Amino acid sequence: MKYYHLPCQDSLLNLSCFYDKIQLCFCYNHYGRRLTNCFEYNHTKTSNCPKDGECQNNGICFQAGTECTTRSTCFCDSCFYGKRCQSNTNGFSLSLDNILGYHIQPVNKIINQSTIIKISIILNILFIILGLINGICTMITFKNKKLREIGCGLYLLCSSVTTLIITVLFGLKFWIFICAQTSLITNRLFLQIQCISLDYLLRVFLHIDQWLNACIACERGINIIKGVHFSRKKSKQAAKLGMILLLIFNVLIFIHEPIYRHLIDEFDEETKRIWCIVTYSSNLQTYNTIIGTFQFFVPFLINLVSALILITKKSLNQANIQK
């Protein structure tokens, strides 16, 4: 047993736990020192934690000791990670929590955080400033009635509004997350409300903006095809109806997400982290995958087809002019 502390003290390995045929050992920090806590482990056991729910996403929980300690760790399935297996790499994107979470040092003030956090803060401030400028300027431009005589003008005006909303929501999400991880915000009710609402609203408006761009491309394609027979009035009416339907569609298609969002606490030696996670059943996970695929590829294909139509028509027009 006298050598079991050495792997934990090796900074290159950076282990959280290790085992051999007899012992399962946990590495942990204690007032600046790396210590080891080992116990005899039966390898036929699937878990030895006294209560369920310690690990998320079917992670297996192991606890060092059964009486005097509550130190435990989770062995995660593939594609899941985190102290409680709360994060995953599945899907089309990673959340802010997954990307920055473990880079934030809860015991340090913002000014003393790691370089990646400082860079993220600078980039976030730039994103907010540029996003607000872009959204406001675009909104001012397309408030002109002449530019809103066709559907494209309405789509672009609506897109400027969604850009502003996305910018504000992302800024709130980022700073609330930073403040929560550094214990500057500890109100549980507030954190629960933002957990339920911010990610959901961000997802809704991001997809609305994506669909608006697809609608703009689609209308331009129709305009090129119809030429002089293109109806501005019908275009405007279709845009008004389309924007309402897009809002309803995206709100309803993700309506399940807030229901399954909740907070979990993660205790690590002297620090505490609060995570906002979403846990789906297998059926809902399949539904999410289908919806995510649909939301990604359909607007992309609309943009692609519209671009091909524009290029083809322009080429034909130039060929006819040369003749």
# chains A, B, ... in the order shown; residues from 1 in each chain; ligands from 1
>>> closest_atom_pairs(of="region 274-301 of chain A", to="region 218-221 of chain A", cutoff="12 Å", atoms="only C-alpha atoms", output="tab-separated table")
residue	atom	partner	partner_atom	distance
A:Val298	CA	A:Cys218	CA	11.7
A:Pro299	CA	A:Cys218	CA	9.6
A:Phe300	CA	A:Cys218	CA	11.1
A:Leu301	CA	A:Cys218	CA	10.3
>>> closest_atom_pairs(of="region 180-215 of chain A", to="region 276-297 of chain A", cutoff="12 Å", atoms="only C-alpha atoms", output="Markdown table")
| residue | atom | partner | partner_atom | distance |
| --- | --- | --- | --- | --- |
| A:Ala180 | CA | A:Cys276 | CA | 10.5 |
| A:Gln181 | CA | A:Cys276 | CA | 11.0 |
| A:Arg188 | CA | A:Cys276 | CA | 11.4 |
| A:Leu191 | CA | A:Cys276 | CA | 8.4 |
| A:Gln192 | CA | A:Cys276 | CA | 8.0 |
| A:Ile193 | CA | A:Cys276 | CA | 10.4 |
| A:Gln194 | CA | A:Cys276 | CA | 9.0 |
| A:Cys195 | CA | A:Cys276 | CA | 5.6 |
| A:Ile196 | CA | A:Cys276 | CA | 8.3 |
| A:Ser197 | CA | A:Cys276 | CA | 10.9 |
| A:Leu198 | CA | A:Cys276 | CA | 10.6 |
| A:Asp199 | CA | A:Cys276 | CA | 9.4 |
| A:Tyr200 | CA | A:Val278 | CA | 10.6 |
| A:Arg203 | CA | A:Gly292 | CA | 10.6 |
| A:Val204 | CA | A:Gln295 | CA | 10.8 |
| A:Leu206 | CA | A:Gln295 | CA | 10.4 |
| A:His207 | CA | A:Gln295 | CA | 7.1 |
| A:Ile208 | CA | A:Gln295 | CA | 9.7 |
| A:Asp209 | CA | A:Gln295 | CA | 11.3 |
| A:Gln210 | CA | A:Gln295 | CA | 8.6 |
| A:Trp211 | CA | A:Gln295 | CA | 8.4 |
| A:Ala214 | CA | A:Phe297 | CA | 10.9 |
>>> write_last_selection(atoms="C-alpha atoms", output="compact mmCIF listing (two decimals), in the first residue's frame")
# COMPACT_ATOMS: atom_id res chain seq x y z
CA ALA A 180 -22.60 30.47 -11.29
CA GLN A 181 -19.41 28.44 -11.63
CA ARG A 188 -31.10 28.22 -6.82
CA LEU A 191 -30.37 29.30 -11.79
CA GLN A 192 -33.20 26.82 -12.31
CA ILE A 193 -35.24 29.34 -14.30
CA GLN A 194 -32.32 30.28 -16.54
CA CYS A 195 -31.45 26.60 -16.99
CA ILE A 196 -34.96 25.88 -18.24
CA SER A 197 -35.36 28.97 -20.40
CA LEU A 198 -32.09 30.28 -21.85
CA ASP A 199 -30.87 27.19 -23.68
CA TYR A 200 -34.35 26.50 -25.00
CA ARG A 203 -32.07 26.91 -29.67
CA VAL A 204 -35.43 28.17 -30.92
CA LEU A 206 -31.00 30.06 -33.74
CA HIS A 207 -33.12 27.71 -35.82
CA ILE A 208 -35.59 30.47 -36.69
CA ASP A 209 -32.69 32.56 -37.99
CA GLN A 210 -31.45 29.60 -40.00
CA TRP A 211 -34.88 29.10 -41.55
CA ALA A 214 -33.40 29.65 -46.16
>>> atom_distance(atom1="CA of Ile110 (chain A)", atom2="CA of Arg273 (chain A)")
15.2 Å
>>> select_by_dssp(residues="region 101-320 of chain A", states="alpha helix (DSSP H)", output="count of residues only")
158
>>> residues_around(residues="Arg33 (chain A)", least_positions_apart="4", cutoff="10 Å", atoms="only C-alpha atoms", output="ChimeraX atom specification")
/A:8-9,28-29
>>> write_last_selection(atoms="C-alpha atoms", output="PDB file, in the first residue's frame")
ATOM      1  CA  CYS A   8      -1.760  10.370  -7.882  1.00  0.00           C
ATOM      2  CA  GLN A   9       1.227  12.622  -7.269  1.00  0.00           C
ATOM      3  CA  TYR A  28      -7.986  14.019  -4.769  1.00  0.00           C
ATOM      4  CA  ASN A  29      -6.672  17.416  -3.750  1.00  0.00           C
TER       5      ASN A  29
END
>>> residues_around(residues="region 134-139 of chain A", least_positions_apart="4", cutoff="8 Å", atoms="only C-alpha atoms", output="PyMOL selection string")
chain A and resi 130+143+156-157+160-161+163-164
>>> write_last_selection(atoms="C-alpha atoms", output="JSON list (two decimals), in the first residue's frame")
[["chain", "number", "residue", "atom", "x", "y", "z"],
["A", 130, "LEU", "CA", -20.67, 43.29, -33.02],
["A", 143, "LYS", "CA", -37.57, 49.50, -41.39],
["A", 156, "LEU", "CA", -34.31, 40.35, -43.31],
["A", 157, "LEU", "CA", -36.05, 42.63, -40.81],
["A", 160, "SER", "CA", -32.18, 41.36, -37.58],
["A", 161, "VAL", "CA", -34.56, 41.03, -34.63],
["A", 163, "THR", "CA", -29.92, 38.38, -34.27],
["A", 164, "LEU", "CA", -30.44, 40.88, -31.46]]
>>> residues_around(residues="Cys38 (chain A)", least_positions_apart="2", cutoff="8 Å", atoms="only C-alpha atoms", output="list in words")
Tyr4, Gln23, Leu24, Cys25, Phe26, Thr36, Glu40 and Ala64 of chain A
>>> select_by_dssp(residues="region 61-285 of chain A", states="strand (DSSP E or B)", output="list in words")
Cys61, Phe62, Gln63, Ser72, Thr73, Cys74, Phe75, Phe80, Tyr81, Ser87, Asn88, Arg261, His262, Leu263, Ile264, Asp265, Glu266, Phe267, Asp268, Thr271, Lys272, Arg273, Ile274, Trp275, Cys276, Ile277 and Val278 of chain A
>>> write_last_selection(atoms="C-alpha atoms", output="PDB file, in the first residue's frame")
ATOM      1  CA  CYS A  61     -20.764   4.833  -9.424  1.00  0.00           C
ATOM      2  CA  PHE A  62     -17.947   3.667  -7.143  1.00  0.00           C
ATOM      3  CA  GLN A  63     -17.402   4.931  -3.636  1.00  0.00           C
ATOM      4  CA  SER A  72     -17.049   8.648  -5.147  1.00  0.00           C
ATOM      5  CA  THR A  73     -16.397   8.651  -8.862  1.00  0.00           C
ATOM      6  CA  CYS A  74     -18.345   7.759 -11.975  1.00  0.00           C
ATOM      7  CA  PHE A  75     -17.254   5.492 -14.801  1.00  0.00           C
ATOM      8  CA  PHE A  80     -20.065  10.818 -21.911  1.00  0.00           C
ATOM      9  CA  TYR A  81     -17.710  12.601 -19.546  1.00  0.00           C
ATOM     10  CA  SER A  87     -21.755  15.926 -20.387  1.00  0.00           C
ATOM     11  CA  ASN A  88     -21.752  14.225 -23.742  1.00  0.00           C
ATOM     12  CA  ARG A 261     -33.744  20.334 -18.014  1.00  0.00           C
ATOM     13  CA  HIS A 262     -32.586  20.432 -14.412  1.00  0.00           C
ATOM     14  CA  LEU A 263     -29.675  21.378 -12.174  1.00  0.00           C
ATOM     15  CA  ILE A 264     -27.222  18.976 -10.587  1.00  0.00           C
ATOM     16  CA  ASP A 265     -24.503  19.670  -8.040  1.00  0.00           C
ATOM     17  CA  GLU A 266     -20.976  18.386  -8.354  1.00  0.00           C
ATOM     18  CA  PHE A 267     -18.747  18.417  -5.306  1.00  0.00           C
ATOM     19  CA  ASP A 268     -15.008  18.130  -5.808  1.00  0.00           C
ATOM     20  CA  THR A 271     -15.241  23.213  -4.575  1.00  0.00           C
ATOM     21  CA  LYS A 272     -18.774  22.980  -5.862  1.00  0.00           C
ATOM     22  CA  ARG A 273     -20.044  23.215  -9.414  1.00  0.00           C
ATOM     23  CA  ILE A 274     -23.628  23.559 -10.599  1.00  0.00           C
ATOM     24  CA  TRP A 275     -24.496  22.103 -13.981  1.00  0.00           C
ATOM     25  CA  CYS A 276     -27.580  22.598 -16.107  1.00  0.00           C
ATOM     26  CA  ILE A 277     -28.203  19.316 -17.893  1.00  0.00           C
ATOM     27  CA  VAL A 278     -30.897  17.746 -20.023  1.00  0.00           C
TER      28      VAL A 278
END
>>> atom_distance(atom1="CA of Cys215 (chain A)", atom2="CA of Asn317 (chain A)")
23.9 Å
>>> closest_residue(among="A:Ile253, A:Ile150, A:Ile22, A:Ile302", to="Ser231 (chain A)", atoms="only C-alpha atoms")
A:Ile150
